[in-house]
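All remarks here apply to the structure that follows.
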Amino acid sequence: MKEFEIRRLIENYYDIQKIRVETFNRIVCWAKENKERIKEILSHTKTESHSLDASHCQFGTQFRDASHNSVETHLSNALKLLENKKYAEFVKRFVLSHNLVETQSENASHQVNEPQKSYASQPMFGIQLSNAFSNLIKEVEDLIWFHNKLYETEKELYRRIDNWSKYHPLRKEFLNHVKGIGAIFSSGIIAWLSKPILKANYVSQIWSYCGLTPNQERKRGKKLNYNPRLKTFCWKIGQSFIKYKCFGRKLYDAFRKECETKHPDWSKLHCHNWARRKVVKLFIASVWEVWRKMNNLPITKPYPIEILGHKDLITPVRWIEK
């Protein structure tokens, strides 16, 4: 698969992820609006499942032994999360429990044989749960189905993108060891930057191509001097460093504190964006250095170090966390 195809797949991956998250948030909003009703039905379902008499149905015993622990555990955990107002985590447990019940009900319909049909009038754990859930989530059934389909597509895209760059030397030797940089980011860096880095004799040329230098903005009537899609991708890398406990996060905290001290007139958002961009620039500089060394190309020091006399040089080794 060619590099431009991988770039498109990565963009599609993030588009699907965005729609999936929006769909999930709609389910969360539904959970908030129907909090009391959900708690009442889940509590009632849990009580009924405990009161079932397994001796009424031979298959019911087998089915309940196989399914009771997994489904009821997710139900009880979901109920606790709802009581603690952790709606997002509740929805994850709730959707998983619903999927388990659907699967187990389908298995039940295939496994009931002739001698066991005489017990069809007796209640079974899986069928009871299925009926309770169908009444409870009828309003959001399509949203849950849509979310799960998007999630399956997202995972398939992830596998394809991951397999493309899995054995690339830049990823094996460097990117795999940087916390905050996973398979998608590694593939994107390789697809967007592996060839331009070989042509860039100075790291500032790569920064400019990524849209990381000051005053690189869209202006009407003027041609862009950077790659806008790559700039968005670099923004995502910066967000990833901020979210994880890693070297990138430590740099971000230090830069933001420094910015707030030196520029008290700047807003918090301004300091945040400045610190994030600086972290990404340092990371891209390390990628540039590693990839050029692996291809036996000359390395020059960044302008702030060589010309301005700055001493704090962030080497690629510092990004690697074991």
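Identifiers in the structure tokens: chain A, B, ... in order shown; residue index from 1 per chain; ligand index from 1 in order shown.
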Contacts of Phe233 in chain A within 10 Å, only C-alpha atoms, excl. fewer than 3 positions in-chain, as a PDB file with N, CA and C atoms, in the first residue's frame:
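Final output, selection28.pdb:
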```
ATOM      1  N   ILE A  10      -5.690   7.062   7.384  1.00  0.00           N
ATOM      2  CA  ILE A  10      -5.558   7.673   8.710  1.00  0.00           C
ATOM      3  C   ILE A  10      -6.600   8.773   8.893  1.00  0.00           C
ATOM      4  N   GLU A  11      -6.795   9.583   7.870  1.00  0.00           N
ATOM      5  CA  GLU A  11      -7.819  10.624   7.947  1.00  0.00           C
ATOM      6  C   GLU A  11      -9.208  10.011   8.087  1.00  0.00           C
ATOM      7  N   TYR A  14      -9.733   8.784  11.700  1.00  0.00           N
ATOM      8  CA  TYR A  14     -10.108   9.836  12.642  1.00  0.00           C
ATOM      9  C   TYR A  14     -11.522  10.358  12.382  1.00  0.00           C
ATOM     10  N   PHE A 185      -0.196   7.067  14.947  1.00  0.00           N
ATOM     11  CA  PHE A 185       0.746   8.183  14.854  1.00  0.00           C
ATOM     12  C   PHE A 185       2.041   7.755  14.158  1.00  0.00           C
ATOM     13  N   GLY A 188       1.382   7.544  10.480  1.00  0.00           N
ATOM     14  CA  GLY A 188       1.211   8.875   9.917  1.00  0.00           C
ATOM     15  C   GLY A 188       2.534   9.609   9.760  1.00  0.00           C
ATOM     16  N   ILE A 189       3.391   9.510  10.770  1.00  0.00           N
ATOM     17  CA  ILE A 189       4.709  10.157  10.700  1.00  0.00           C
ATOM     18  C   ILE A 189       5.525   9.590   9.546  1.00  0.00           C
ATOM     19  N   TRP A 192       3.824  10.665   6.097  1.00  0.00           N
ATOM     20  CA  TRP A 192       3.908  12.079   5.758  1.00  0.00           C
ATOM     21  C   TRP A 192       5.348  12.601   5.696  1.00  0.00           C
ATOM     22  N   CYS A 210       5.374  21.308   8.284  1.00  0.00           N
ATOM     23  CA  CYS A 210       4.330  20.843   9.214  1.00  0.00           C
ATOM     24  C   CYS A 210       3.422  21.977   9.690  1.00  0.00           C
ATOM     25  N   ASN A 227       1.653  22.125   4.826  1.00  0.00           N
ATOM     26  CA  ASN A 227       0.657  21.085   4.554  1.00  0.00           C
ATOM     27  C   ASN A 227      -0.426  21.155   5.633  1.00  0.00           C
ATOM     28  N   PRO A 228      -1.638  21.609   5.300  1.00  0.00           N
ATOM     29  CA  PRO A 228      -2.676  21.790   6.329  1.00  0.00           C
ATOM     30  C   PRO A 228      -3.105  20.486   6.998  1.00  0.00           C
ATOM     31  N   ARG A 229      -3.104  19.389   6.248  1.00  0.00           N
ATOM     32  CA  ARG A 229      -3.499  18.104   6.836  1.00  0.00           C
ATOM     33  C   ARG A 229      -2.432  17.603   7.804  1.00  0.00           C
ATOM     34  N   LEU A 230      -1.181  17.860   7.448  1.00  0.00           N
ATOM     35  CA  LEU A 230      -0.088  17.476   8.346  1.00  0.00           C
ATOM     36  C   LEU A 230      -0.095  18.343   9.606  1.00  0.00           C
ATOM     37  N   LYS A 236      -2.810  16.684  16.705  1.00  0.00           N
ATOM     38  CA  LYS A 236      -3.250  15.464  17.383  1.00  0.00           C
ATOM     39  C   LYS A 236      -2.101  14.831  18.174  1.00  0.00           C
ATOM     40  N   ILE A 237      -0.884  14.881  17.629  1.00  0.00           N
ATOM     41  CA  ILE A 237       0.274  14.351  18.357  1.00  0.00           C
ATOM     42  C   ILE A 237       0.480  15.112  19.656  1.00  0.00           C
ATOM     43  N   GLY A 238       0.368  16.448  19.579  1.00  0.00           N
ATOM     44  CA  GLY A 238       0.506  17.262  20.779  1.00  0.00           C
ATOM     45  C   GLY A 238      -0.548  16.925  21.824  1.00  0.00           C
ATOM     46  N   GLN A 239      -1.791  16.712  21.389  1.00  0.00           N
ATOM     47  CA  GLN A 239      -2.860  16.348  22.318  1.00  0.00           C
ATOM     48  C   GLN A 239      -2.578  15.000  22.972  1.00  0.00           C
TER      49      GLN A 239
END
```
Need the shell around Phe146 in chain A: protein/DNA/RNA residues with any atom at most 12 Å away, counting only C-alpha atoms. Skip same-chain ones fewer than 5 positions apart. Format as a list in words? Ile16, Ile19, Arg20, Val21, Glu22, Thr23, Phe24, Arg26, Ile27, Val95, Val140, Glu141, Tyr151, Glu152 and Thr153 of chain A
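We find CA of Met1 in chain A and CA of Ile190 in chain A to be spaced 12.9 Å apart.
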Residues near Ala88 in chain A, anyone? I mean within 8 Å using only C-alpha atoms, not counting same-chain ones fewer than 3 positions away, as JSON, numbers by chain. {"A": [25, 28, 91, 92]}
Take the selection from the previous step and output its residues with C-alpha atoms, as an mmCIF file, in the first residue's frame.
```
data_model
loop_
_atom_site.group_PDB
_atom_site.id
_atom_site.type_symbol
_atom_site.label_atom_id
_atom_site.label_comp_id
_atom_site.auth_asym_id
_atom_site.auth_seq_id
_atom_site.Cartn_x
_atom_site.Cartn_y
_atom_site.Cartn_z
ATOM 1 C CA ASN A 25 -22.132 11.019 23.525
ATOM 2 C CA VAL A 28 -24.650 9.256 27.280
ATOM 3 C CA VAL A 91 -22.802 3.419 28.815
ATOM 4 C CA LYS A 92 -19.740 1.263 28.037
#
```
Nearby residues (only C-alpha atoms) at most 12 Å from Ser165 in chain A, same-chain spacing under 2 positions excluded, as a ChimeraX atom specification: /A:1-3,6,158-163,167-172,175-176,182-191,194
Write a file of the selected residues as a tab-separated table (two decimals), in the first residue's frame, keeping C-alpha atoms.
```tsv
chain	number	residue	atom	x	y	z
A	1	MET	CA	0.00	0.00	0.00
A	2	LYS	CA	1.37	3.42	-0.98
A	3	GLU	CA	2.01	6.28	1.43
A	6	ILE	CA	-2.16	5.33	4.20
A	158	TYR	CA	-6.44	0.30	12.86
A	159	ARG	CA	-5.25	-3.21	11.97
A	160	ARG	CA	-4.57	-2.28	8.34
A	161	ILE	CA	-2.69	0.91	9.26
A	162	ASP	CA	-0.73	-0.88	11.98
A	163	ASN	CA	0.34	-3.71	9.66
A	167	TYR	CA	8.31	-3.44	10.43
A	168	HIS	CA	9.48	-0.01	9.31
A	169	PRO	CA	12.96	0.73	10.81
A	170	LEU	CA	11.98	4.21	12.06
A	171	ARG	CA	9.09	2.73	14.01
A	172	LYS	CA	11.03	-0.30	15.31
A	175	LEU	CA	8.71	5.50	17.49
A	176	ASN	CA	7.67	2.28	19.29
A	182	GLY	CA	1.00	4.52	18.93
A	183	ALA	CA	0.45	2.64	15.69
A	184	ILE	CA	-1.65	5.35	14.03
A	185	PHE	CA	0.75	8.18	14.85
A	186	SER	CA	3.75	6.08	13.83
A	187	SER	CA	2.19	5.24	10.47
A	188	GLY	CA	1.21	8.88	9.92
A	189	ILE	CA	4.71	10.16	10.70
A	190	ILE	CA	6.23	7.63	8.31
A	191	ALA	CA	3.67	8.29	5.55
A	194	SER	CA	9.85	9.89	5.80
```
